[in-house]
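The structure file entry_13.tsv is reproduced below (TSV, C-alpha atoms).
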```
chain	number	residue	atom	x	y	z
A	368	MET	CA	-11.89	10.99	12.70
A	369	HIS	CA	-9.38	12.49	15.10
A	370	ALA	CA	-6.96	15.39	14.92
A	371	SER	CA	-4.06	15.09	12.51
A	372	PRO	CA	-0.80	13.77	13.96
A	373	PRO	CA	1.99	16.21	14.84
A	374	VAL	CA	4.00	17.54	11.92
A	375	SER	CA	7.06	15.56	12.96
A	376	ARG	CA	5.29	12.31	12.16
A	377	GLN	CA	5.18	11.02	8.63
A	378	SER	CA	1.68	10.45	7.25
A	379	LEU	CA	0.93	7.61	4.87
A	380	GLY	CA	-0.41	9.98	2.27
A	381	LEU	CA	2.55	12.36	2.12
A	382	SER	CA	5.28	9.77	2.49
A	383	TYR	CA	4.02	7.08	0.16
A	384	ALA	CA	1.91	8.72	-2.50
A	385	VAL	CA	3.71	11.98	-3.15
A	386	LEU	CA	7.28	11.27	-2.11
A	387	LEU	CA	7.43	7.68	-3.35
A	388	GLY	CA	5.86	8.58	-6.68
A	389	LEU	CA	8.11	11.58	-7.26
A	390	SER	CA	11.26	9.86	-6.10
A	391	LEU	CA	10.69	7.03	-8.56
A	392	ALA	CA	10.13	9.63	-11.23
A	393	GLY	CA	13.53	11.08	-10.38
A	394	SER	CA	12.16	14.40	-9.15
A	395	LEU	CA	12.52	14.07	-5.39
A	396	PHE	CA	14.54	12.12	-2.86
A	397	LEU	CA	12.79	9.89	-0.34
A	398	PRO	CA	14.72	9.86	2.96
A	399	VAL	CA	12.40	7.47	4.77
A	400	LEU	CA	12.38	4.36	2.59
A	401	VAL	CA	16.07	3.83	2.04
A	402	THR	CA	18.62	1.07	1.82
A	403	ARG	CA	21.14	0.32	4.50
A	404	GLY	CA	23.82	1.79	2.25
A	405	PHE	CA	22.22	5.24	2.12
A	406	PRO	CA	24.22	6.82	4.98
A	407	VAL	CA	27.45	5.72	3.25
A	408	LEU	CA	26.24	7.09	-0.06
A	409	ALA	CA	25.26	10.33	1.62
A	410	ALA	CA	28.59	10.74	3.37
A	411	THR	CA	30.51	10.01	0.18
A	412	ALA	CA	28.45	12.45	-1.85
A	413	GLU	CA	28.75	15.19	0.75
A	414	ALA	CA	32.49	14.71	0.89
A	415	GLN	CA	32.59	15.23	-2.85
A	416	GLY	CA	30.25	18.22	-2.67
A	417	ALA	CA	27.49	16.43	-4.59
A	418	GLN	CA	23.85	15.87	-3.67
A	419	PRO	CA	23.27	12.24	-2.58
A	420	ARG	CA	20.92	10.05	-4.59
A	421	LEU	CA	19.00	7.05	-3.35
A	422	PRO	CA	19.14	3.69	-5.07
A	423	ARG	CA	16.05	3.06	-7.19
A	424	PRO	CA	14.42	-0.37	-6.88
A	425	ASP	CA	13.41	-1.97	-10.15
A	426	HIS	CA	10.11	-3.19	-8.72
A	427	ILE	CA	8.11	-2.28	-5.61
A	428	VAL	CA	5.13	-4.37	-4.53
A	429	ILE	CA	3.01	-2.68	-1.85
A	430	VAL	CA	0.46	-4.83	-0.01
A	431	PHE	CA	-2.32	-3.23	2.02
A	432	GLU	CA	-3.66	-5.02	5.07
A	433	GLU	CA	-6.51	-3.76	7.23
A	434	ASN	CA	-7.32	-2.40	10.67
A	435	LYS	CA	-4.68	-3.76	13.00
A	436	ASP	CA	-2.52	-2.18	15.68
A	437	TYR	CA	1.26	-2.36	15.69
A	438	THR	CA	1.25	-4.68	18.72
A	439	GLN	CA	-1.25	-7.03	17.05
A	440	ILE	CA	1.31	-7.68	14.30
A	441	ILE	CA	4.90	-7.00	15.33
A	442	GLY	CA	6.00	-9.57	17.89
A	443	ALA	CA	2.63	-11.34	17.83
A	444	ALA	CA	2.40	-15.13	17.83
A	445	SER	CA	-0.27	-14.94	15.12
A	446	THR	CA	2.14	-13.52	12.53
A	447	PRO	CA	5.22	-15.76	12.24
A	448	TYR	CA	5.74	-15.00	8.55
A	449	ILE	CA	5.41	-11.23	8.85
A	450	ASN	CA	7.75	-11.17	11.83
A	451	ALA	CA	10.30	-13.26	9.95
A	452	LEU	CA	10.20	-10.67	7.16
A	453	ALA	CA	10.41	-7.81	9.67
A	454	SER	CA	13.53	-9.34	11.24
A	455	GLN	CA	15.18	-9.44	7.80
A	456	GLY	CA	14.04	-6.03	6.61
A	457	ALA	CA	12.84	-2.73	8.02
A	458	VAL	CA	10.00	-1.77	10.33
A	459	LEU	CA	8.87	1.84	10.00
A	460	THR	CA	7.66	2.91	13.43
A	461	GLN	CA	6.66	6.52	12.88
A	462	PHE	CA	4.23	6.23	10.00
A	463	TYR	CA	0.67	6.95	10.96
A	464	ALA	CA	-2.70	6.74	9.35
A	465	ALA	CA	-4.58	10.01	9.62
A	466	HIS	CA	-8.21	9.01	9.54
A	467	HIS	CA	-10.99	6.59	10.36
A	468	PRO	CA	-12.57	4.87	8.47
A	469	SER	CA	-10.46	3.15	5.84
A	470	GLN	CA	-11.11	4.87	2.52
A	471	PRO	CA	-9.66	8.33	3.32
A	472	ASN	CA	-6.37	6.65	4.25
A	473	TYR	CA	-6.18	4.84	0.92
A	474	LEU	CA	-6.85	8.07	-0.96
A	475	GLU	CA	-4.31	9.98	1.09
A	476	PHE	CA	-1.76	7.26	0.43
A	477	PHE	CA	-2.43	7.34	-3.30
A	478	ALA	CA	-2.90	11.07	-3.87
A	479	GLY	CA	-1.61	12.80	-0.75
A	480	ASP	CA	-5.13	14.06	0.00
A	481	THR	CA	-8.52	12.66	0.99
A	482	LEU	CA	-10.17	14.81	-1.72
A	483	GLY	CA	-13.06	15.50	0.63
A	484	VAL	CA	-13.90	11.82	1.16
A	485	THR	CA	-14.72	11.07	4.81
A	486	THR	CA	-16.60	7.74	4.57
A	487	ASP	CA	-16.30	4.29	3.07
A	488	ALA	CA	-19.04	5.02	0.54
A	489	CYS	CA	-18.09	4.28	-3.06
A	490	PRO	CA	-16.94	7.59	-4.68
A	491	PRO	CA	-18.07	9.57	-6.48
A	492	THR	CA	-21.63	8.24	-5.95
A	493	ASN	CA	-21.44	8.69	-2.16
A	494	GLN	CA	-23.48	5.51	-1.69
A	495	SER	CA	-22.71	2.36	0.20
A	496	CYS	CA	-22.06	-0.48	-2.24
A	497	PRO	CA	-24.20	0.47	-5.26
A	498	PRO	CA	-24.01	-2.08	-8.10
A	499	SER	CA	-21.56	0.11	-9.97
A	500	ALA	CA	-20.22	3.63	-9.93
A	501	PRO	CA	-19.72	6.21	-12.69
A	502	PRO	CA	-16.33	6.41	-14.40
A	503	PRO	CA	-13.47	7.87	-12.35
A	504	ALA	CA	-13.88	11.53	-11.48
A	505	PHE	CA	-10.83	12.53	-9.42
A	506	THR	CA	-8.09	14.26	-11.40
A	507	ALA	CA	-5.71	15.17	-8.58
A	508	PRO	CA	-2.01	14.33	-8.90
A	509	ASN	CA	-1.41	10.79	-7.73
A	510	LEU	CA	1.12	7.99	-7.50
A	511	ALA	CA	0.15	6.18	-10.71
A	512	ALA	CA	-0.05	9.34	-12.81
A	513	SER	CA	3.39	10.41	-11.57
A	514	LEU	CA	4.82	7.08	-12.63
A	515	LEU	CA	3.05	6.73	-15.96
A	516	THR	CA	3.87	10.25	-17.14
A	517	ASN	CA	7.57	9.68	-16.39
A	518	ASN	CA	8.09	6.53	-18.47
A	519	LEU	CA	7.58	4.25	-15.48
A	520	THR	CA	4.83	1.71	-14.91
A	521	PHE	CA	1.96	0.94	-12.52
A	522	LEU	CA	-0.65	-1.77	-11.96
A	523	GLY	CA	-3.20	-2.46	-9.25
A	524	TYR	CA	-3.92	-6.10	-8.42
A	525	ALA	CA	-7.17	-6.75	-6.53
A	526	GLU	CA	-8.19	-10.19	-5.30
A	527	ASP	CA	-11.68	-11.26	-6.42
A	528	LEU	CA	-11.92	-8.27	-8.77
A	529	PRO	CA	-15.29	-8.49	-10.61
A	530	SER	CA	-15.44	-8.47	-14.40
A	531	ASP	CA	-16.87	-4.94	-14.11
A	532	ALA	CA	-14.01	-3.29	-12.25
A	533	LEU	CA	-16.21	-0.32	-11.32
A	534	THR	CA	-18.39	-2.53	-9.13
A	535	CYS	CA	-18.23	-1.18	-5.60
A	536	CYS	CA	-18.74	-4.41	-3.65
A	537	ALA	CA	-18.85	-8.06	-4.66
A	538	GLY	CA	-18.44	-10.89	-2.18
A	539	GLN	CA	-15.15	-10.28	-0.34
A	540	TYR	CA	-14.01	-7.60	-2.81
A	541	ALA	CA	-14.30	-3.92	-1.85
A	542	ARG	CA	-13.50	-1.16	-4.33
A	543	LYS	CA	-12.99	1.29	-1.43
A	544	HIS	CA	-9.61	-0.42	-0.94
A	545	CYS	CA	-8.55	0.18	-4.56
A	546	PRO	CA	-7.90	3.94	-4.73
A	547	TRP	CA	-6.49	4.07	-8.26
A	548	MET	CA	-9.91	3.21	-9.67
A	549	ASP	CA	-11.27	6.60	-8.61
A	550	PHE	CA	-8.84	8.60	-10.77
A	551	LYS	CA	-8.20	9.66	-14.33
A	552	PHE	CA	-5.22	11.60	-15.63
A	553	GLN	CA	-3.90	13.24	-18.77
A	554	ASP	CA	-1.08	11.37	-20.44
A	555	THR	CA	1.83	13.10	-22.17
A	556	ASN	CA	-0.32	13.45	-25.30
A	557	GLY	CA	-3.05	15.23	-23.38
A	558	THR	CA	-5.42	12.25	-23.58
A	559	TRP	CA	-7.54	11.48	-20.52
A	560	VAL	CA	-6.88	7.98	-19.21
A	561	ASN	CA	-8.96	6.13	-16.60
A	562	LEU	CA	-6.73	4.39	-14.09
A	563	VAL	CA	-9.34	1.67	-13.70
A	564	ASP	CA	-7.81	0.37	-16.95
A	565	TYR	CA	-4.66	-0.41	-14.94
A	566	SER	CA	-6.54	-2.95	-12.79
A	567	LYS	CA	-5.92	-6.69	-12.79
A	568	ASN	CA	-7.44	-9.54	-10.85
A	569	PHE	CA	-4.85	-10.84	-8.39
A	570	ARG	CA	-5.00	-14.16	-10.25
A	571	ALA	CA	-2.82	-12.42	-12.85
A	572	PHE	CA	-0.01	-11.72	-10.37
A	573	PRO	CA	3.11	-13.56	-11.60
A	574	GLN	CA	4.33	-16.70	-9.86
A	575	ASP	CA	7.86	-17.15	-11.21
A	576	ALA	CA	11.08	-15.29	-11.87
A	577	ALA	CA	10.22	-14.49	-15.47
A	578	GLY	CA	6.93	-12.97	-14.39
A	579	PHE	CA	8.43	-11.05	-11.49
A	580	ALA	CA	10.93	-9.44	-13.86
A	581	ASN	CA	7.99	-8.08	-15.85
A	582	LEU	CA	6.17	-6.54	-12.90
A	583	PRO	CA	5.58	-2.78	-13.12
A	584	THR	CA	7.72	-0.25	-11.31
A	585	VAL	CA	5.06	-0.08	-8.59
A	586	ALA	CA	2.31	-2.62	-8.03
A	587	LEU	CA	-0.40	-2.24	-5.41
A	588	VAL	CA	-1.74	-5.56	-4.14
A	589	ILE	CA	-5.15	-5.55	-2.45
A	590	PRO	CA	-6.16	-8.87	-0.87
A	591	ASN	CA	-9.85	-9.55	-0.34
A	592	LEU	CA	-11.52	-8.89	3.02
A	593	ILE	CA	-10.29	-12.23	4.39
A	594	GLY	CA	-6.74	-12.04	3.10
A	595	ASP	CA	-6.26	-8.44	4.31
A	596	MET	CA	-7.14	-9.23	7.96
A	597	HIS	CA	-10.36	-7.20	7.77
A	598	SER	CA	-12.81	-10.02	8.45
A	599	LEU	CA	-13.37	-13.69	9.05
A	600	PRO	CA	-15.38	-15.68	6.51
A	601	THR	CA	-18.50	-15.48	8.70
A	602	THR	CA	-21.31	-13.03	9.37
A	603	ALA	CA	-20.45	-9.86	11.27
A	604	PRO	CA	-19.66	-10.72	14.91
A	605	SER	CA	-20.51	-8.66	17.98
A	606	ARG	CA	-17.85	-6.32	19.36
A	607	THR	CA	-16.82	-8.90	21.98
A	608	GLN	CA	-16.62	-11.63	19.36
A	609	ALA	CA	-14.71	-9.27	17.07
A	610	GLN	CA	-12.02	-8.73	19.70
A	611	GLN	CA	-11.72	-12.50	20.17
A	612	SER	CA	-11.51	-13.04	16.41
A	613	ILE	CA	-8.58	-10.67	15.85
A	614	PRO	CA	-5.84	-13.33	16.23
A	615	GLU	CA	-7.56	-15.53	13.65
A	616	GLU	CA	-8.01	-12.60	11.25
A	617	VAL	CA	-4.31	-11.86	11.65
A	618	ARG	CA	-3.34	-15.52	11.13
A	619	ASN	CA	-5.37	-15.62	7.93
A	620	GLY	CA	-3.58	-12.53	6.60
A	621	ASP	CA	-0.17	-13.86	7.61
A	622	ARG	CA	-0.87	-17.13	5.78
A	623	TRP	CA	-2.14	-15.25	2.75
A	624	LEU	CA	1.10	-13.30	2.45
A	625	LYS	CA	3.24	-16.42	2.75
A	626	VAL	CA	1.20	-18.43	0.25
A	627	HIS	CA	0.79	-15.71	-2.36
A	628	LEU	CA	3.87	-13.49	-2.08
A	629	ASP	CA	6.76	-15.45	-0.60
A	630	ALA	CA	8.00	-16.48	-4.05
A	631	TYR	CA	8.20	-12.81	-5.05
A	632	THR	CA	9.79	-11.90	-1.71
A	633	GLN	CA	12.60	-14.44	-2.11
A	634	TRP	CA	13.17	-13.30	-5.70
A	635	ALA	CA	13.22	-9.63	-4.66
A	636	LYS	CA	16.11	-10.20	-2.26
A	637	THR	CA	18.50	-10.73	-5.17
A	638	HIS	CA	16.83	-8.61	-7.85
A	639	ASN	CA	16.90	-5.00	-6.57
A	640	SER	CA	13.22	-5.08	-5.65
A	641	LEU	CA	11.06	-4.39	-2.61
A	642	LEU	CA	8.05	-5.78	-0.80
A	643	VAL	CA	6.25	-3.24	1.39
A	644	ILE	CA	3.51	-4.45	3.74
A	645	THR	CA	1.40	-1.78	5.39
A	646	TRP	CA	-1.93	-1.38	7.15
A	647	ASP	CA	-4.47	1.32	6.36
A	648	GLU	CA	-5.25	2.16	9.99
A	649	SER	CA	-5.28	0.76	13.50
A	650	SER	CA	-8.10	-1.33	14.92
A	651	ASN	CA	-9.49	1.31	17.28
A	652	GLN	CA	-10.90	4.81	17.03
A	653	GLY	CA	-7.98	6.41	18.84
A	654	GLU	CA	-4.56	7.15	17.42
A	655	CYS	CA	-3.88	5.46	14.09
A	656	THR	CA	-0.68	3.52	14.63
A	657	PRO	CA	-0.61	0.64	12.14
A	658	PRO	CA	2.58	-1.31	11.41
A	659	CYS	CA	4.58	-0.91	8.23
A	660	ALA	CA	7.47	-3.09	7.09
A	661	THR	CA	9.74	-3.48	4.09
A	662	THR	CA	11.91	-6.33	2.92
A	663	PRO	CA	14.51	-7.54	1.67
A	664	PRO	CA	17.39	-7.31	4.16
A	665	GLN	CA	19.43	-4.75	2.27
A	666	ASN	CA	16.60	-2.33	3.07
A	667	ARG	CA	17.02	-2.50	6.82
A	668	ILE	CA	16.54	0.87	8.50
A	669	ALA	CA	15.61	2.12	11.94
A	670	HIS	CA	13.25	5.05	11.56
A	671	ARG	CA	12.07	6.14	15.01
```

Take the structure in the file and give it back as structure tokens.
Amino acid sequence: MHASPPVSRQSLGLSYAVLLGLSLAGSLFLPVLVTRGFPVLAATAEAQGAQPRLPRPDHIVIVFEENKDYTQIIGAASTPYINALASQGAVLTQFYAAHHPSQPNYLEFFAGDTLGVTTDACPPTNQSCPPSAPPPAFTAPNLAASLLTNNLTFLGYAEDLPSDALTCCAGQYARKHCPWMDFKFQDTNGTWVNLVDYSKNFRAFPQDAAGFANLPTVALVIPNLIGDMHSLPTTAPSRTQAQQSIPEEVRNGDRWLKVHLDAYTQWAKTHNSLLVITWDESSNQGECTPPCATTPPQNRIAHR
């Protein structure tokens, strides 16, 4: 882990989990994930003496990829699909992961805090890939709870999700990449609800317009360890081999996005909806500078 980025930079945890969740709940404005029309809306509202409001997408699908640097994605020959999306949408260039390894970044994204987690061990057992973990223990405010307690909706889609969703590791599935499963919250009736119940296998992700229209307000999509650019479908390579394998890992992830999410992406362009593709951290142990992009084209911004 390295020192936190300067205050002027936007962290994944603060910007996405807290601000995105609250803005969708109508409690806070989000000035960093905006449509191209926002400056016009702001100027008009200021001229009228009113506080500007951002447009609210009907559906936001957020896909997490793994462990790649900005330059390994944006402008890279291995990612033709992602770069086509980036040219049509927005690339956020001052969003930084705050930690190594992966799991603290997912928790900070989802809850605005690492909650004391510093490793990839399966919380709250603090073990590496036990068969299963106890029911969710974290009760901190989080993205899903903010949505669900404000009459909005949330689902987490995980590729290769086992029948027992609390399983920590199974094949190419890794629960450490599914932060919602570690939380419970009190609904408006005061009943404790485990967010693991809001999990679906990615096979359930809709494939047509009728299904897309029924997506939740926010959906997190977690590909497996091949689809998210984390690994190749082989045994663990040496460091030298790992560096050589990066373009193929990236190509696999780029193909995965095109095959599985292009239909939603094309639909979103004309249905007031967003696709957000982000990476949990960079590929090295230095500064965490992963890429982050949004589409469709009406969401083009330059945030530098």

Leaving out Asp487 in chain A and any residue of its chain fewer than 2 positions from it, which residues lie within 12 Å of it when counting all atoms listed in the file, given as a short mmCIF file (atom, residue, chain, number, x, y, z; two decimals) with C-alpha atoms, in the coordinates of the input?
```
data_model
loop_
_atom_site.label_atom_id
_atom_site.label_comp_id
_atom_site.auth_asym_id
_atom_site.auth_seq_id
_atom_site.Cartn_x
_atom_site.Cartn_y
_atom_site.Cartn_z
CA HIS A 466 -8.21 9.01 9.54
CA HIS A 467 -10.99 6.59 10.36
CA PRO A 468 -12.57 4.87 8.47
CA SER A 469 -10.46 3.15 5.84
CA GLN A 470 -11.11 4.87 2.52
CA PRO A 471 -9.66 8.33 3.32
CA ASN A 472 -6.37 6.65 4.25
CA TYR A 473 -6.18 4.84 0.92
CA LEU A 474 -6.85 8.07 -0.96
CA THR A 481 -8.52 12.66 0.99
CA GLY A 483 -13.06 15.50 0.63
CA VAL A 484 -13.90 11.82 1.16
CA THR A 485 -14.72 11.07 4.81
CA CYS A 489 -18.09 4.28 -3.06
CA PRO A 490 -16.94 7.59 -4.68
CA PRO A 491 -18.07 9.57 -6.48
CA THR A 492 -21.63 8.24 -5.95
CA ASN A 493 -21.44 8.69 -2.16
CA GLN A 494 -23.48 5.51 -1.69
CA SER A 495 -22.71 2.36 0.20
CA CYS A 496 -22.06 -0.48 -2.24
CA CYS A 535 -18.23 -1.18 -5.60
CA CYS A 536 -18.74 -4.41 -3.65
CA ALA A 541 -14.30 -3.92 -1.85
CA ARG A 542 -13.50 -1.16 -4.33
CA LYS A 543 -12.99 1.29 -1.43
CA HIS A 544 -9.61 -0.42 -0.94
CA CYS A 545 -8.55 0.18 -4.56
CA PRO A 546 -7.90 3.94 -4.73
#
```

Provide the CA of Tyr540 in chain A to CA of Asp647 in chain A distance in Å, to one decimal place. 16.0 Å

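Closest to Ala512 in chain A among A:Tyr565, A:Leu599, A:Thr637, A:Phe431 is A:Tyr565, based on only C-alpha atoms.
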
Go ahead and compute the interatomic distance for CA of Ser530 in chain A and CA of Lys567 in chain A, in Å to one decimal.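 These two atoms are separated by 9.8 Å.
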
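Around the point (0.2, -10.7, -10.3), within 9 Å and counting all atoms listed in the file, we find these residues: Gly523, Tyr524, Lys567, Asn568, Phe569, Arg570, Ala571, Phe572, Pro573, Gln574, Gly578, Phe579, Leu582, Ala586 and Val588 of chain A.
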
Smallest atom-to-atom distance to Thr446 in chain A: which of A:Asn639, A:Asn619, A:Thr520, A:Ser566, using all atoms listed in the file? A:Asn619

Starting from the point (-5.2, -13.7, 4.2), work out which residues of protein, DNA or RNA have an atom no more than 7 Å away when counting only C-alpha atoms; state them as an NGL selection string. :A and (593-596 or 619-624)

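Interatomic distance, CA of Pro422 in chain A against CA of Leu510 in chain A: 18.7 Å.
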
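Taking only C-alpha atoms, the non-local environment of Trp646 in chain A within 9 Å (same-chain residues fewer than 2 positions away omitted) comprises Val430, Phe431, Glu432, Glu433, Asn434, Lys435, Asp436, Ala464, Asp595, Ile644, Glu648, Ser649, Pro657, Pro658 and Cys659 of chain A.
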
Could you add whatever atoms are missing so that range 625-639 of chain A carries N, CA and C atoms, then write the result as an mmCIF file, in the coordinates of the input?
```cif
data_model
loop_
_atom_site.group_PDB
_atom_site.id
_atom_site.type_symbol
_atom_site.label_atom_id
_atom_site.label_comp_id
_atom_site.auth_asym_id
_atom_site.auth_seq_id
_atom_site.Cartn_x
_atom_site.Cartn_y
_atom_site.Cartn_z
ATOM 1 N N LYS A 625 2.248 -15.374 2.988
ATOM 2 C CA LYS A 625 3.240 -16.420 2.750
ATOM 3 C C LYS A 625 2.897 -17.235 1.513
ATOM 4 N N VAL A 626 1.620 -17.600 1.381
ATOM 5 C CA VAL A 626 1.200 -18.430 0.250
ATOM 6 C C VAL A 626 1.342 -17.687 -1.072
ATOM 7 N N HIS A 627 0.914 -16.425 -1.091
ATOM 8 C CA HIS A 627 0.790 -15.710 -2.360
ATOM 9 C C HIS A 627 2.005 -14.855 -2.726
ATOM 10 N N LEU A 628 2.814 -14.453 -1.758
ATOM 11 C CA LEU A 628 3.870 -13.490 -2.080
ATOM 12 C C LEU A 628 5.266 -13.908 -1.643
ATOM 13 N N ASP A 629 5.407 -15.077 -1.028
ATOM 14 C CA ASP A 629 6.760 -15.450 -0.600
ATOM 15 C C ASP A 629 7.678 -15.693 -1.790
ATOM 16 N N ALA A 630 7.148 -16.250 -2.871
ATOM 17 C CA ALA A 630 8.000 -16.480 -4.050
ATOM 18 C C ALA A 630 8.560 -15.158 -4.564
ATOM 19 N N TYR A 631 7.706 -14.125 -4.635
ATOM 20 C CA TYR A 631 8.200 -12.810 -5.050
ATOM 21 C C TYR A 631 9.211 -12.274 -4.039
ATOM 22 N N THR A 632 8.915 -12.439 -2.756
ATOM 23 C CA THR A 632 9.790 -11.900 -1.710
ATOM 24 C C THR A 632 11.191 -12.497 -1.813
ATOM 25 N N GLN A 633 11.276 -13.791 -1.996
ATOM 26 C CA GLN A 633 12.600 -14.440 -2.110
ATOM 27 C C GLN A 633 13.314 -13.957 -3.362
ATOM 28 N N TRP A 634 12.585 -13.808 -4.456
ATOM 29 C CA TRP A 634 13.170 -13.300 -5.700
ATOM 30 C C TRP A 634 13.664 -11.871 -5.518
ATOM 31 N N ALA A 635 12.884 -11.047 -4.814
ATOM 32 C CA ALA A 635 13.220 -9.630 -4.660
ATOM 33 C C ALA A 635 14.546 -9.424 -3.937
ATOM 34 N N LYS A 636 14.893 -10.352 -3.051
ATOM 35 C CA LYS A 636 16.110 -10.200 -2.260
ATOM 36 C C LYS A 636 17.363 -10.119 -3.135
ATOM 37 N N THR A 637 17.314 -10.715 -4.309
ATOM 38 C CA THR A 637 18.500 -10.730 -5.170
ATOM 39 C C THR A 637 18.255 -10.017 -6.498
ATOM 40 N N HIS A 638 17.155 -9.259 -6.587
ATOM 41 C CA HIS A 638 16.830 -8.610 -7.850
ATOM 42 C C HIS A 638 16.433 -7.138 -7.664
ATOM 43 N N ASN A 639 17.069 -6.452 -6.729
ATOM 44 C CA ASN A 639 16.900 -5.000 -6.570
ATOM 45 C C ASN A 639 15.426 -4.609 -6.513
#
```
